[in-house]
file run.tsv (TSV, C-alpha atoms)
chain	number	residue	atom	x	y	z
A	23	GLY	CA	-17.47	24.69	-0.18
A	24	HIS	CA	-18.85	23.06	2.96
A	25	LYS	CA	-16.67	22.83	6.02
A	26	GLY	CA	-15.25	19.46	6.93
A	27	GLY	CA	-13.88	17.88	10.06
A	28	GLY	CA	-10.34	17.09	11.10
A	29	GLU	CA	-7.83	17.21	8.29
A	30	GLY	CA	-7.03	15.48	5.02
A	31	TRP	CA	-3.65	14.48	3.67
A	32	CYS	CA	-2.60	14.29	0.05
A	33	ARG	CA	0.59	13.77	-1.90
A	34	GLN	CA	2.02	15.96	-4.66
A	35	GLN	CA	3.92	13.31	-6.57
A	36	CYS	CA	5.45	15.53	-9.27
A	37	GLU	CA	5.86	18.79	-7.33
A	38	TRP	CA	9.35	20.27	-7.24
A	39	ALA	CA	10.76	21.45	-3.92
A	40	ALA	CA	13.81	23.46	-2.94
A	41	GLY	CA	16.84	21.32	-2.25
A	42	LYS	CA	15.61	18.28	-4.17
A	43	GLY	CA	16.16	19.07	-7.83
A	44	ALA	CA	14.00	18.39	-10.87
A	45	LYS	CA	14.93	14.71	-10.98
A	46	VAL	CA	13.58	14.03	-7.48
A	47	PRO	CA	10.10	15.61	-7.22
A	48	GLY	CA	7.50	14.89	-4.60
A	49	ALA	CA	5.90	16.34	-1.50
A	50	MET	CA	3.09	15.60	0.92
A	51	GLY	CA	0.78	17.89	2.83
A	52	GLY	CA	-2.12	18.28	5.21
A	53	VAL	CA	-5.31	20.29	4.61
A	54	ALA	CA	-7.51	21.64	7.42
A	55	GLY	CA	-11.10	20.43	7.06
A	56	GLN	CA	-12.64	23.55	8.61
A	57	SER	CA	-11.00	26.01	6.23
A	58	TRP	CA	-9.65	23.83	3.40
A	59	ASN	CA	-6.36	25.68	3.85
A	60	VAL	CA	-3.05	23.88	3.51
A	61	LYS	CA	-1.62	23.40	6.99
A	62	ARG	CA	1.83	22.20	5.96
A	63	LYS	CA	3.97	20.90	3.12
A	64	ILE	CA	6.60	18.20	3.67
A	65	ALA	CA	9.20	17.49	0.99
A	66	LEU	CA	12.01	15.86	3.02
A	67	PRO	CA	14.80	17.28	0.79
A	68	GLU	CA	17.46	15.71	3.00
A	69	LYS	CA	15.84	12.31	2.41
A	70	LYS	CA	14.73	12.92	-1.19
A	71	MET	CA	11.40	10.99	-1.07
A	72	ASN	CA	11.37	10.53	-4.84
A	73	LYS	CA	7.81	10.76	-6.19
A	74	GLY	CA	5.87	10.10	-3.02
A	75	HIS	CA	2.96	8.05	-4.32
A	76	ASN	CA	0.58	6.89	-1.58
A	77	MET	CA	-0.02	7.37	2.15
A	78	TRP	CA	-1.94	5.91	5.08
A	79	PRO	CA	-2.26	6.82	8.79
A	80	SER	CA	-1.41	4.72	11.81
A	81	HIS	CA	-4.35	3.42	13.83
A	82	ASP	CA	-3.94	6.09	16.50
A	83	GLN	CA	-3.56	8.82	13.84
A	84	LYS	CA	-0.18	9.86	15.28
A	85	GLN	CA	1.92	8.85	12.26
A	86	VAL	CA	1.50	9.16	8.50
A	87	TYR	CA	3.16	6.63	6.20
A	88	GLN	CA	4.34	7.76	2.74
A	89	THR	CA	5.76	5.56	-0.01
A	90	GLU	CA	8.55	6.53	-2.42
A	91	TRP	CA	7.44	5.14	-5.77
A	92	HIS	CA	10.65	5.92	-7.66
A	93	GLY	CA	12.89	4.86	-4.82
A	94	ARG	CA	13.10	2.17	-2.17
A	95	SER	CA	11.77	3.70	1.04
A	96	LEU	CA	8.75	4.15	3.23
A	97	PHE	CA	8.76	7.39	5.22
A	98	VAL	CA	7.05	8.00	8.55
A	99	VAL	CA	6.20	11.52	9.74
A	100	ASP	CA	4.47	12.90	12.80
A	101	ARG	CA	0.92	13.83	11.83
A	102	VAL	CA	0.68	16.77	14.23
A	103	THR	CA	4.09	18.40	13.79
A	104	GLY	CA	5.10	17.06	10.37
A	105	ALA	CA	8.45	16.00	11.81
A	106	PHE	CA	10.38	13.21	10.09
A	107	LEU	CA	10.42	10.02	12.21
A	108	GLN	CA	11.64	7.07	10.12
A	109	GLU	CA	12.89	5.99	6.72
A	110	ILE	CA	12.80	2.26	6.00
A	111	ASP	CA	14.45	0.69	2.93
A	112	LEU	CA	12.00	-1.89	1.59
A	113	GLY	CA	13.01	-2.78	-1.96
A	114	TYR	CA	12.22	-1.59	-5.46
A	115	ASP	CA	9.46	0.97	-5.99
A	116	PRO	CA	7.17	0.81	-2.94
A	117	ALA	CA	3.79	1.93	-4.29
A	118	HIS	CA	0.86	1.69	-1.87
A	119	VAL	CA	0.63	1.29	1.89
A	120	MET	CA	-2.15	0.07	4.18
A	121	THR	CA	-2.40	-1.19	7.75
A	122	ARG	CA	-3.78	-4.49	8.97
A	123	VAL	CA	-6.74	-3.78	11.22
A	124	ASP	CA	-6.19	-6.52	13.82
A	125	THR	CA	-2.42	-6.26	14.34
A	126	GLN	CA	-1.61	-2.68	13.25
A	127	GLN	CA	1.11	-4.08	11.01
A	128	VAL	CA	1.93	-2.00	7.94
A	129	HIS	CA	1.92	-3.54	4.44
A	130	VAL	CA	3.60	-1.99	1.41
A	131	GLY	CA	3.37	-3.30	-2.15
A	132	LEU	CA	6.63	-3.36	-4.13
A	133	ASN	CA	5.73	-2.30	-7.66
A	134	GLY	CA	9.28	-3.01	-8.86
A	135	ASP	CA	9.60	-6.38	-7.17
A	136	ASP	CA	7.54	-9.45	-6.42
A	137	GLY	CA	5.98	-9.03	-3.02
A	138	VAL	CA	4.38	-7.06	-0.23
A	139	VAL	CA	6.55	-5.98	2.70
A	140	GLU	CA	5.13	-6.54	6.17
A	141	LEU	CA	6.32	-4.14	8.89
A	142	ASN	CA	5.71	-4.70	12.59
A	143	ARG	CA	4.60	-1.71	14.65
A	144	ASP	CA	5.61	-1.19	18.27
A	145	LEU	CA	2.26	-0.43	19.92
A	146	THR	CA	3.91	1.82	22.53
A	147	THR	CA	6.36	3.88	20.48
A	148	GLY	CA	4.85	3.52	17.01
A	149	VAL	CA	8.26	2.55	15.60
A	150	LEU	CA	8.17	0.25	12.57
A	151	SER	CA	10.53	-2.67	11.99
A	152	TYR	CA	10.92	-5.04	9.05
A	153	GLY	CA	9.05	-8.31	9.44
A	154	ARG	CA	9.06	-10.14	6.12
A	155	THR	CA	8.40	-9.84	2.40
A	156	ILE	CA	5.37	-11.85	1.32
A	157	SER	CA	5.72	-13.18	-2.22
A	158	MET	CA	2.72	-12.88	-4.51
A	159	GLN	CA	4.43	-15.12	-7.05
A	160	ASP	CA	3.18	-18.47	-8.29
A	161	PRO	CA	5.87	-20.96	-7.15
A	162	ASN	CA	5.20	-22.94	-10.32
A	163	HIS	CA	6.42	-19.94	-12.36
A	164	PRO	CA	9.36	-18.62	-10.32
A	165	THR	CA	10.65	-16.24	-13.00
A	166	LYS	CA	7.35	-14.42	-13.48
A	167	GLN	CA	7.37	-11.38	-11.21
A	168	THR	CA	4.01	-10.04	-10.07
A	169	GLN	CA	5.02	-6.46	-9.19
A	170	PRO	CA	1.95	-5.65	-7.04
A	171	HIS	CA	0.80	-2.04	-6.99
A	172	ALA	CA	-2.27	-0.88	-5.03
A	173	HIS	CA	-3.24	-3.76	-2.74
A	174	TRP	CA	-6.19	-3.82	-0.32
A	175	MET	CA	-6.52	-5.28	3.16
A	176	GLY	CA	-9.59	-7.20	4.35
A	177	PHE	CA	-11.87	-5.61	6.94
A	178	ASP	CA	-11.03	-8.23	9.58
A	179	GLY	CA	-7.32	-8.63	8.86
A	180	LYS	CA	-7.71	-12.13	7.44
A	181	HIS	CA	-7.04	-11.46	3.76
A	182	MET	CA	-5.09	-9.25	1.39
A	183	VAL	CA	-5.64	-8.87	-2.35
A	184	THR	CA	-3.03	-7.52	-4.76
A	185	PRO	CA	-3.33	-6.32	-8.36
A	186	ASN	CA	-0.25	-7.66	-10.12
A	187	SER	CA	0.85	-5.25	-12.82
A	188	THR	CA	3.30	-7.55	-14.59
A	189	SER	CA	1.58	-10.94	-14.42
A	190	ALA	CA	-1.85	-9.49	-15.39
A	191	ASP	CA	-3.64	-11.16	-12.52
A	192	SER	CA	-4.72	-10.78	-8.92
A	193	THR	CA	-3.55	-12.61	-5.82
A	194	LEU	CA	-5.61	-13.39	-2.73
A	195	TYR	CA	-3.49	-14.07	0.35
A	196	ALA	CA	-4.66	-15.51	3.69
A	197	PHE	CA	-3.12	-14.20	6.91
A	198	THR	CA	-5.18	-16.47	9.16
A	199	GLY	CA	-7.57	-19.41	8.98
A	200	LEU	CA	-7.31	-22.79	7.30
A	201	HIS	CA	-4.78	-21.60	4.70
A	202	THR	CA	-2.67	-19.31	6.88
A	203	GLY	CA	0.36	-17.90	5.10
A	204	ASN	CA	-0.64	-19.05	1.62
A	205	VAL	CA	-1.69	-17.53	-1.64
A	206	ILE	CA	-5.13	-19.07	-1.93
A	207	GLY	CA	-6.21	-17.80	-5.33
A	208	LYS	CA	-5.24	-16.24	-8.63
A	209	HIS	CA	-7.58	-14.46	-11.01
A	210	ASP	CA	-6.75	-13.10	-14.47
A	211	THR	CA	-7.47	-9.39	-14.74
A	212	GLY	CA	-5.88	-8.17	-17.96
A	213	ALA	CA	-2.73	-6.20	-18.65
A	214	VAL	CA	-1.24	-3.90	-16.02
A	215	SER	CA	-3.64	-4.53	-13.16
A	216	VAL	CA	-2.87	-1.66	-10.77
A	217	SER	CA	-5.67	-1.03	-8.31
A	218	ALA	CA	-7.76	-3.17	-5.95
A	219	VAL	CA	-10.51	-2.45	-3.45
A	220	MET	CA	-12.75	-4.71	-1.35
A	221	MET	CA	-16.34	-4.39	-0.22
A	222	PRO	CA	-16.70	-3.45	3.47
A	223	ASP	CA	-17.29	-7.09	4.39
A	224	SER	CA	-14.50	-8.35	2.06
A	225	SER	CA	-17.08	-10.39	0.15
A	226	LYS	CA	-16.10	-8.96	-3.20
A	227	CYS	CA	-13.06	-7.33	-4.77
A	228	TYR	CA	-12.85	-4.90	-7.67
A	229	GLU	CA	-9.70	-4.41	-9.73
A	230	SER	CA	-8.85	-2.06	-12.57
A	231	THR	CA	-6.34	-2.23	-15.41
A	232	TYR	CA	-4.20	0.80	-16.19
A	233	PRO	CA	-4.13	0.91	-20.02
A	234	GLY	CA	-7.49	-0.75	-20.61
A	235	HIS	CA	-11.15	0.08	-20.06
A	236	THR	CA	-12.13	-2.93	-17.98
A	237	ARG	CA	-12.79	-3.70	-14.35
A	238	SER	CA	-12.60	-7.17	-12.83
A	239	ASP	CA	-15.16	-8.28	-10.24
A	240	MET	CA	-14.09	-11.14	-7.98
A	241	TYR	CA	-15.98	-12.91	-5.25
A	242	ARG	CA	-14.18	-14.35	-2.27
A	243	SER	CA	-16.06	-17.62	-2.83
A	244	MET	CA	-14.04	-18.04	-6.02
A	245	PHE	CA	-10.96	-18.52	-3.87
A	246	SER	CA	-12.38	-21.09	-1.49
A	247	THR	CA	-9.94	-23.78	-2.66
A	248	PRO	CA	-6.21	-23.07	-2.54
A	249	ILE	CA	-4.25	-23.38	-5.76
A	250	TRP	CA	-1.10	-24.41	-3.93
A	251	GLY	CA	0.30	-24.66	-0.42
call {"tool": "encode", "arguments": {"input": "run.tsv", "output": "C-alpha coordinates"}}
result
Amino acid sequence: GHKGGGEGWCRQQCEWAAGKGAKVPGAMGGVAGQSWNVKRKIALPEKKMNKGHNMWPSHDQKQVYQTEWHGRSLFVVDRVTGAFLQEIDLGYDPAHVMTRVDTQQVHVGLNGDDGVVELNRDLTTGVLSYGRTISMQDPNHPTKQTQPHAHWMGFDGKHMVTPNSTSADSTLYAFTGLHTGNVIGKHDTGAVSVSAVMMPDSSKCYESTYPGHTRSDMYRSMFSTPIWG
(Lines of atoms letter the chains of each structure in order from A and count residues from 1; the text may use other names and numbers.)
(Lines give C-alpha, C1' and ligand atoms only; values in the text may rest on other atoms or scores of the structure.)
Protein backbone atom coordinates (compact mmCIF):
# COMPACT_ATOMS: atom_id res chain seq x y z
CA GLY A 1 0.00 0.00 0.00
CA HIS A 2 0.94 3.67 -0.20
CA LYS A 3 2.92 5.22 2.60
CA GLY A 4 1.14 7.55 4.97
CA GLY A 5 2.18 10.28 7.34
CA GLY A 6 2.41 10.33 11.10
CA GLU A 7 0.62 7.49 12.81
CA GLY A 8 -2.85 6.07 13.26
CA TRP A 9 -4.43 4.67 16.40
CA CYS A 10 -7.03 1.94 16.63
CA ARG A 11 -8.66 -0.13 19.33
CA GLN A 12 -8.94 -3.91 19.52
CA GLN A 13 -12.12 -4.16 21.53
CA CYS A 14 -12.33 -7.95 21.84
CA GLU A 15 -8.62 -8.84 21.87
CA TRP A 16 -7.39 -10.89 24.82
CA ALA A 17 -4.22 -9.81 26.60
CA ALA A 18 -2.01 -11.43 29.21
CA GLY A 19 -3.01 -10.58 32.75
CA LYS A 20 -6.57 -9.54 31.89
CA GLY A 21 -8.50 -12.76 31.40
CA ALA A 22 -11.14 -13.72 28.85
CA LYS A 23 -13.86 -11.73 30.60
CA VAL A 24 -11.98 -8.44 30.28
CA PRO A 25 -10.75 -8.12 26.67
CA GLY A 26 -9.53 -4.99 24.97
CA ALA A 27 -6.39 -3.25 23.80
CA MET A 28 -5.34 -0.17 21.87
CA GLY A 29 -2.42 0.44 19.55
CA GLY A 30 -0.57 2.79 17.26
CA VAL A 31 0.40 2.14 13.62
CA ALA A 32 3.25 3.93 11.85
CA GLY A 33 2.04 5.64 8.67
CA GLN A 34 5.33 5.23 6.80
CA SER A 35 5.52 1.45 7.22
CA TRP A 36 2.03 0.45 8.39
CA ASN A 37 3.76 -1.51 11.15
CA VAL A 38 2.30 -1.68 14.64
CA LYS A 39 4.38 0.57 16.88
CA ARG A 40 2.89 -0.51 20.20
CA LYS A 41 0.05 -2.35 21.90
CA ILE A 42 -1.47 -1.10 25.17
CA ALA A 43 -3.77 -3.35 27.19
CA LEU A 44 -3.48 -1.83 30.69
CA PRO A 45 -3.91 -5.20 32.48
CA GLU A 46 -3.47 -3.54 35.87
CA LYS A 47 -6.38 -1.23 35.03
CA LYS A 48 -8.44 -3.74 33.03
CA MET A 49 -9.85 -1.33 30.39
CA ASN A 50 -12.77 -3.63 29.63
CA LYS A 51 -13.62 -3.54 25.91
CA GLY A 52 -11.96 -0.28 24.95
CA HIS A 53 -14.42 1.10 22.41
CA ASN A 54 -13.44 4.53 21.06
CA MET A 55 -10.55 7.00 21.21
CA TRP A 56 -9.64 10.59 20.42
CA PRO A 57 -6.44 12.67 20.71
CA SER A 58 -5.87 15.83 22.70
CA HIS A 59 -5.50 19.04 20.70
CA ASP A 60 -1.71 19.03 21.03
CA GLN A 61 -1.55 15.31 20.14
CA LYS A 62 0.28 14.53 23.39
CA GLN A 63 -2.48 12.40 24.94
CA VAL A 64 -4.84 9.73 23.63
CA TYR A 65 -8.22 9.22 25.30
CA GLN A 66 -9.74 5.71 25.37
CA THR A 67 -13.20 4.76 26.63
CA GLU A 68 -14.08 1.55 28.49
CA TRP A 69 -17.42 0.49 27.03
CA HIS A 70 -18.07 -2.38 29.45
CA GLY A 71 -16.83 -0.47 32.45
CA ARG A 72 -16.96 3.03 33.90
CA SER A 73 -13.68 4.70 32.99
CA LEU A 74 -11.92 6.92 30.52
CA PHE A 75 -8.20 6.21 30.18
CA VAL A 76 -5.51 8.68 29.17
CA VAL A 77 -2.16 7.52 27.77
CA ASP A 78 0.90 9.33 26.48
CA ARG A 79 0.82 9.23 22.69
CA VAL A 80 4.60 9.08 22.28
CA THR A 81 5.56 6.60 25.00
CA GLY A 82 2.27 4.76 25.52
CA ALA A 83 2.57 5.34 29.26
CA PHE A 84 -0.59 5.31 31.38
CA LEU A 85 -1.45 8.80 32.67
CA GLN A 86 -4.99 8.85 34.07
CA GLU A 87 -8.08 6.79 34.75
CA ILE A 88 -11.29 8.71 35.42
CA ASP A 89 -14.50 7.06 36.68
CA LEU A 90 -17.36 8.60 34.69
CA GLY A 91 -20.41 6.38 35.07
CA TYR A 92 -21.97 3.46 33.26
CA ASP A 93 -20.55 2.35 29.91
CA PRO A 94 -18.63 5.32 28.46
CA ALA A 95 -18.83 4.78 24.70
CA HIS A 96 -17.41 7.57 22.53
CA VAL A 97 -15.12 10.50 23.25
CA MET A 98 -14.50 13.79 21.44
CA THR A 99 -12.98 17.15 22.31
CA ARG A 100 -14.57 20.57 22.08
CA VAL A 101 -12.59 22.64 19.62
CA ASP A 102 -12.77 26.02 21.38
CA THR A 103 -12.13 24.97 25.00
CA GLN A 104 -10.26 21.65 24.64
CA GLN A 105 -12.75 20.10 27.05
CA VAL A 106 -13.32 16.37 26.63
CA HIS A 107 -16.84 14.95 26.22
CA VAL A 108 -17.76 11.30 26.74
CA GLY A 109 -21.17 9.76 26.06
CA LEU A 110 -22.48 7.35 28.70
CA ASN A 111 -24.17 4.53 26.81
CA GLY A 112 -25.41 2.98 30.07
CA ASP A 113 -26.70 6.21 31.56
CA ASP A 114 -28.46 9.38 30.54
CA GLY A 115 -25.86 11.98 29.72
CA VAL A 116 -22.55 13.17 28.35
CA VAL A 117 -19.70 13.79 30.79
CA GLU A 118 -17.75 17.01 30.36
CA LEU A 119 -14.12 16.96 31.51
CA ASN A 120 -12.00 20.08 31.89
CA ARG A 121 -8.43 19.95 30.58
CA ASP A 122 -5.54 21.78 32.21
CA LEU A 123 -3.94 23.54 29.24
CA THR A 124 -0.47 23.36 30.83
CA THR A 125 -0.33 19.81 32.18
CA GLY A 126 -3.01 18.13 30.07
CA VAL A 127 -4.59 16.66 33.20
CA LEU A 128 -8.35 16.08 33.00
CA SER A 129 -10.81 16.77 35.82
CA TYR A 130 -14.54 16.14 36.10
CA GLY A 131 -16.69 19.12 35.22
CA ARG A 132 -20.31 18.00 34.94
CA THR A 133 -22.66 15.45 33.41
CA ILE A 134 -24.94 17.00 30.80
CA SER A 135 -28.33 15.29 30.66
CA MET A 136 -29.75 14.50 27.25
CA GLN A 137 -33.09 13.62 28.84
CA ASP A 138 -36.40 15.33 28.20
CA PRO A 139 -37.36 16.83 31.60
CA ASN A 140 -40.99 16.13 30.74
CA HIS A 141 -40.18 12.39 30.71
CA PRO A 142 -37.75 11.98 33.62
CA THR A 143 -37.83 8.18 33.65
CA LYS A 144 -36.92 7.76 29.99
CA GLN A 145 -33.15 7.37 29.77
CA THR A 146 -31.48 8.40 26.53
CA GLN A 147 -28.26 6.38 26.80
CA PRO A 148 -26.27 8.36 24.19
CA HIS A 149 -23.63 6.45 22.24
CA ALA A 150 -21.53 8.07 19.50
CA HIS A 151 -22.07 11.83 19.80
CA TRP A 152 -20.53 14.51 17.57
CA MET A 153 -19.20 17.97 18.39
CA GLY A 154 -19.85 21.03 16.22
CA PHE A 155 -16.97 22.55 14.26
CA ASP A 156 -17.04 25.79 16.28
CA GLY A 157 -17.73 24.32 19.73
CA LYS A 158 -21.26 25.72 19.89
CA HIS A 159 -23.28 22.52 19.53
CA MET A 160 -23.26 18.82 20.30
CA VAL A 161 -25.57 16.18 18.86
CA THR A 162 -26.18 12.78 20.46
CA PRO A 163 -27.79 9.62 19.08
CA ASN A 164 -29.90 8.24 21.92
CA SER A 165 -29.97 4.46 21.76
CA THR A 166 -32.80 3.91 24.25
CA SER A 167 -35.18 6.77 23.49
CA ALA A 168 -34.88 6.31 19.68
CA ASP A 169 -34.17 9.95 19.04
CA SER A 170 -31.45 12.55 18.72
CA THR A 171 -30.62 15.49 20.97
CA LEU A 172 -29.11 18.80 19.91
CA TYR A 173 -27.44 20.67 22.77
CA ALA A 174 -26.22 24.30 22.76
CA PHE A 175 -23.01 25.17 24.61
CA THR A 176 -23.17 28.87 23.72
CA GLY A 177 -25.49 31.42 22.14
CA LEU A 178 -29.10 32.35 22.83
CA HIS A 179 -29.95 28.94 24.35
CA THR A 180 -26.74 28.29 26.27
CA GLY A 181 -26.86 25.15 28.39
CA ASN A 182 -30.11 23.81 26.95
CA VAL A 183 -31.27 20.92 24.86
CA ILE A 184 -32.68 22.85 21.92
CA GLY A 185 -34.11 20.04 19.84
CA LYS A 186 -35.23 16.43 19.63
CA HIS A 187 -35.63 14.42 16.46
CA ASP A 188 -37.00 10.87 16.14
CA THR A 189 -34.50 8.54 14.50
CA GLY A 190 -35.79 5.01 14.98
CA ALA A 191 -34.76 2.23 17.31
CA VAL A 192 -31.24 2.08 18.75
CA SER A 193 -29.80 5.24 17.28
CA VAL A 194 -26.06 4.80 17.84
CA SER A 195 -23.97 7.03 15.59
CA ALA A 196 -23.95 10.72 14.67
CA VAL A 197 -21.78 12.89 12.45
CA MET A 198 -22.04 16.53 11.36
CA MET A 199 -21.13 18.29 8.15
CA PRO A 200 -17.91 20.35 8.40
CA ASP A 201 -19.94 23.53 8.94
CA SER A 202 -22.38 21.81 11.36
CA SER A 203 -25.24 22.65 8.99
CA LYS A 204 -26.48 19.09 8.82
CA CYS A 205 -26.30 15.95 10.95
CA TYR A 206 -26.53 12.32 9.90
CA GLU A 207 -27.50 9.54 12.30
CA SER A 208 -27.72 5.79 11.89
CA THR A 209 -29.73 3.10 13.67
CA TYR A 210 -28.02 -0.09 14.78
CA PRO A 211 -30.57 -2.83 13.96
CA GLY A 212 -32.26 -1.07 11.06
CA HIS A 213 -31.37 -0.01 7.53
CA THR A 214 -32.16 3.68 7.80
CA ARG A 215 -30.24 6.91 8.18
CA SER A 216 -31.71 10.12 9.54
CA ASP A 217 -30.80 13.47 7.98
CA MET A 218 -31.30 16.52 10.19
CA TYR A 219 -30.75 20.17 9.45
CA ARG A 220 -29.71 22.57 12.16
CA SER A 221 -32.51 24.90 11.05
CA MET A 222 -34.96 22.30 12.35
CA PHE A 223 -33.76 23.07 15.85
CA SER A 224 -34.02 26.84 15.67
CA THR A 225 -36.72 26.96 18.37
CA PRO A 226 -36.03 25.35 21.75
CA ILE A 227 -38.41 22.68 22.95
CA TRP A 228 -37.83 23.57 26.58
CA GLY A 229 -35.57 25.70 28.74
call {"tool": "closest_atom_pairs", "arguments": {"input": "run.tsv", "of": "range 63-102 of chain A", "to": "range 29-43 of chain A", "cutoff": "10 Å", "atoms": "only C-alpha atoms", "output": "JSON lines"}}
result
{"residue": "A:Lys63", "atom": "CA", "partner": "A:Arg33", "partner_atom": "CA", "distance": 9.4}
{"residue": "A:Ile64", "atom": "CA", "partner": "A:Ala39", "partner_atom": "CA", "distance": 9.2}
{"residue": "A:Ala65", "atom": "CA", "partner": "A:Ala39", "partner_atom": "CA", "distance": 6.5}
{"residue": "A:Leu66", "atom": "CA", "partner": "A:Lys42", "partner_atom": "CA", "distance": 8.4}
{"residue": "A:Pro67", "atom": "CA", "partner": "A:Lys42", "partner_atom": "CA", "distance": 5.1}
{"residue": "A:Glu68", "atom": "CA", "partner": "A:Gly41", "partner_atom": "CA", "distance": 7.7}
{"residue": "A:Lys69", "atom": "CA", "partner": "A:Lys42", "partner_atom": "CA", "distance": 8.9}
{"residue": "A:Lys70", "atom": "CA", "partner": "A:Lys42", "partner_atom": "CA", "distance": 6.2}
{"residue": "A:Met71", "atom": "CA", "partner": "A:Lys42", "partner_atom": "CA", "distance": 9.0}
{"residue": "A:Asn72", "atom": "CA", "partner": "A:Gln35", "partner_atom": "CA", "distance": 8.1}
{"residue": "A:Lys73", "atom": "CA", "partner": "A:Gln35", "partner_atom": "CA", "distance": 4.7}
{"residue": "A:Gly74", "atom": "CA", "partner": "A:Gln35", "partner_atom": "CA", "distance": 5.2}
{"residue": "A:His75", "atom": "CA", "partner": "A:Gln35", "partner_atom": "CA", "distance": 5.8}
{"residue": "A:Asn76", "atom": "CA", "partner": "A:Arg33", "partner_atom": "CA", "distance": 6.9}
{"residue": "A:Met77", "atom": "CA", "partner": "A:Arg33", "partner_atom": "CA", "distance": 7.6}
{"residue": "A:Trp78", "atom": "CA", "partner": "A:Trp31", "partner_atom": "CA", "distance": 8.9}
{"residue": "A:Pro79", "atom": "CA", "partner": "A:Trp31", "partner_atom": "CA", "distance": 9.3}
{"residue": "A:Val86", "atom": "CA", "partner": "A:Trp31", "partner_atom": "CA", "distance": 8.8}
{"residue": "A:Gln88", "atom": "CA", "partner": "A:Arg33", "partner_atom": "CA", "distance": 8.5}
{"residue": "A:Thr89", "atom": "CA", "partner": "A:Arg33", "partner_atom": "CA", "distance": 9.9}
{"residue": "A:Glu90", "atom": "CA", "partner": "A:Gln35", "partner_atom": "CA", "distance": 9.2}
{"residue": "A:Trp91", "atom": "CA", "partner": "A:Gln35", "partner_atom": "CA", "distance": 8.9}
{"residue": "A:Arg101", "atom": "CA", "partner": "A:Trp31", "partner_atom": "CA", "distance": 9.4}
call {"tool": "residues_around", "arguments": {"input": "run.tsv", "residues": "Trp174 in chain A", "least_positions_apart": "2", "cutoff": "6 Å", "atoms": "only C-alpha atoms", "output": "short mmCIF file (atom, residue, chain, number, x, y, z; two decimals) with C-alpha atoms, keeping the file's coordinate frame"}}
result
data_model
loop_
_atom_site.label_atom_id
_atom_site.label_comp_id
_atom_site.auth_asym_id
_atom_site.auth_seq_id
_atom_site.Cartn_x
_atom_site.Cartn_y
_atom_site.Cartn_z
CA MET A 182 -5.09 -9.25 1.39
CA VAL A 183 -5.64 -8.87 -2.35
CA ALA A 218 -7.76 -3.17 -5.95
CA VAL A 219 -10.51 -2.45 -3.45
#
call {"tool": "closest_residue", "arguments": {"input": "run.tsv", "among": "A:Val214, A:Val60, A:Leu150, A:Met158", "to": "Tyr87 in chain A", "atoms": "only C-alpha atoms"}}
result
A:Leu150
call {"tool": "atom_distance", "arguments": {"input": "run.tsv", "atom1": "CA of Phe197 in chain A", "atom2": "CA of Gly212 in chain A"}}
result
25.7 Å
call {"tool": "closest_residue", "arguments": {"input": "run.tsv", "among": "A:Ser224, A:Thr198, A:Ser215, A:Asn142", "to": "Thr155 in chain A", "atoms": "only C-alpha atoms"}}
result
A:Asn142
call {"tool": "closest_residue", "arguments": {"input": "run.tsv", "among": "A:Ser157, A:Ser225, A:Gln169, A:Ser80", "to": "Val128 in chain A", "atoms": "all atoms listed in the file"}}
result
A:Ser80
call {"tool": "atom_distance", "arguments": {"input": "run.tsv", "atom1": "CA of Gln126 in chain A", "atom2": "CA of His173 in chain A"}}
result
16.1 Å
call {"tool": "atom_distance", "arguments": {"input": "run.tsv", "atom1": "CA of His129 in chain A", "atom2": "CA of His201 in chain A"}}
result
19.3 Å
call {"tool": "residues_around", "arguments": {"input": "run.tsv", "residues": "Ser151 in chain A", "least_positions_apart": "3", "cutoff": "10 Å", "atoms": "all atoms listed in the file", "output": "list in words"}}
result
Gln108, Ile110, Gln127, Val128, Glu140, Leu141, Asn142, Arg143, Asp144, Gly148 and Arg154 of chain A
call {"tool": "closest_residue", "arguments": {"input": "run.tsv", "among": "A:Asn186, A:Asn133, A:Gln167, A:Gln56", "to": "His92 in chain A", "atoms": "only C-alpha atoms"}}
result
A:Asn133
call {"tool": "residues_around", "arguments": {"input": "run.tsv", "residues": "range 123-125 of chain A", "least_positions_apart": "4", "cutoff": "10 Å", "atoms": "only C-alpha atoms", "output": "ChimeraX atom specification"}}
result
/A:81,142-143,145,175-180
call {"tool": "closest_residue", "arguments": {"input": "run.tsv", "among": "A:His171, A:His181, A:His24, A:Lys84", "to": "Glu229 in chain A", "atoms": "only C-alpha atoms"}}
result
A:His171
call {"tool": "closest_residue", "arguments": {"input": "run.tsv", "among": "A:Cys227, A:Ile156, A:Val46, A:Leu96", "to": "Val119 in chain A", "atoms": "all atoms listed in the file"}}
result
A:Leu96
